[in-house]
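Data first, discussion second: the structure below is written as structure tokens.
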Amino acid sequence: MTEPVATGQAHEDDDLPAAFAAGLAKLRGLLDGLGDEALRAPSALPGWTRGHVLTHVEGVALALARQARYALRGRTIEVYDGGRASRDAAIEAGHRRSAAQLGPALEAALEEAEASWAAVRAEDWARPVAYRGGTLRTAGLAWWRELEIHTVDARLGAGPSSWPPRLCTHLLDFLAVRVPDDVVLTLTAVDSGRVWTYGRYGGGAPVAAEGRLTDLAAWLAGRRPEGEITGGPLPGLGSWP
């Protein structure tokens, strides 16, 4: 099993509400003036337009916000009513909306997420949720990932270089399972000096690569790095956890 080891890595930021606020401000700033033609343009995700991506952000914002609301009541609830099939159907139906329809609906979902997560106190992060059978912190981290990554996927002007360092270090740990077991992969962030080693107990072939922190995180997240990653060759990646 792949196990990451980060050298010199700072402790993950516990102030998730501040991270949410920064991500929301970035997305909102990029949405201004978005018209129908722009919504029909391709996103960074194969087969999806910007409308698909933003409709997904709308849905996941509401889905994870309700994880928070119910957890604060001492209850758990399914992430999406009807599961993945219902989620996919909502995206297919919703991406065709005009900018005049999709824009306000997305903003309402972002406001709901903002209010729901703002109600979470420091002592609440360990409350159980249905999402991944985890805790409010698990769901909060998922919202942070979805918000920041799909803002990039929408191709509205922000690339992976806009990701905060703490998100990148989180991704490099969370996505460790994507690295195949038959390599020992060492990634070095040249702009911070941090090092991640995956598969160190597997006895696989050694591979070393280096690049900026945001570029390493983008590659492991399956997104196109904005800068060069040298060394390698980098292995193929498995599915998302």
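Labels used: A, B, ... for chains in the order of the structure tokens, numbers from 1 for residues in each chain, and numbers from 1 for ligands as shown.
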
Check the DSSP output for the backbone and give back, as a ChimeraX atom specification, the residues of region 23-234 of chain A in strand (DSSP E or B). /A:42,49,128,135,183-189,195-198,205-211,230-231

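Every protein or nucleic acid residue with an atom no more than 10 Å from region 36-38 of chain A, counting only C-alpha atoms and leaving out same-chain residues fewer than 5 positions away, appears here: Ser43, Thr49, Arg50, Gly51, Arg96, Arg97, Ser98, Ala99, Ala100, Gln101, Leu102, Arg155 and Leu156 of chain A.
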
Each residue of region 138-181 of chain A lying at most 8 Å from region 60-75 of chain A should get a row with its shortest atom-to-atom pair and the distance in Å to one decimal, counting only C-alpha atoms; could you produce that, ordered by chain and increasing number, as a Markdown table?
| residue | atom | partner | partner_atom | distance |
| --- | --- | --- | --- | --- |
| A:Ala139 | CA | A:Leu64 | CA | 6.4 |
| A:Gly140 | CA | A:Leu64 | CA | 7.6 |
| A:Trp143 | CA | A:Leu64 | CA | 6.6 |
| A:Glu146 | CA | A:Val60 | CA | 7.7 |

Residue neighbourhood Ala18 (chain A), 12 Å, only C-alpha atoms, exclusion window fewer than 3 positions, as an MDAnalysis selection string: chainID A and resid 13:15 21:25 114 117:118 140 144 164 166

From the list A:Pro235, A:Gly204, A:Gly159, A:Pro165, the nearest residue to Asp182 (chain A) using only C-alpha atoms is A:Gly204
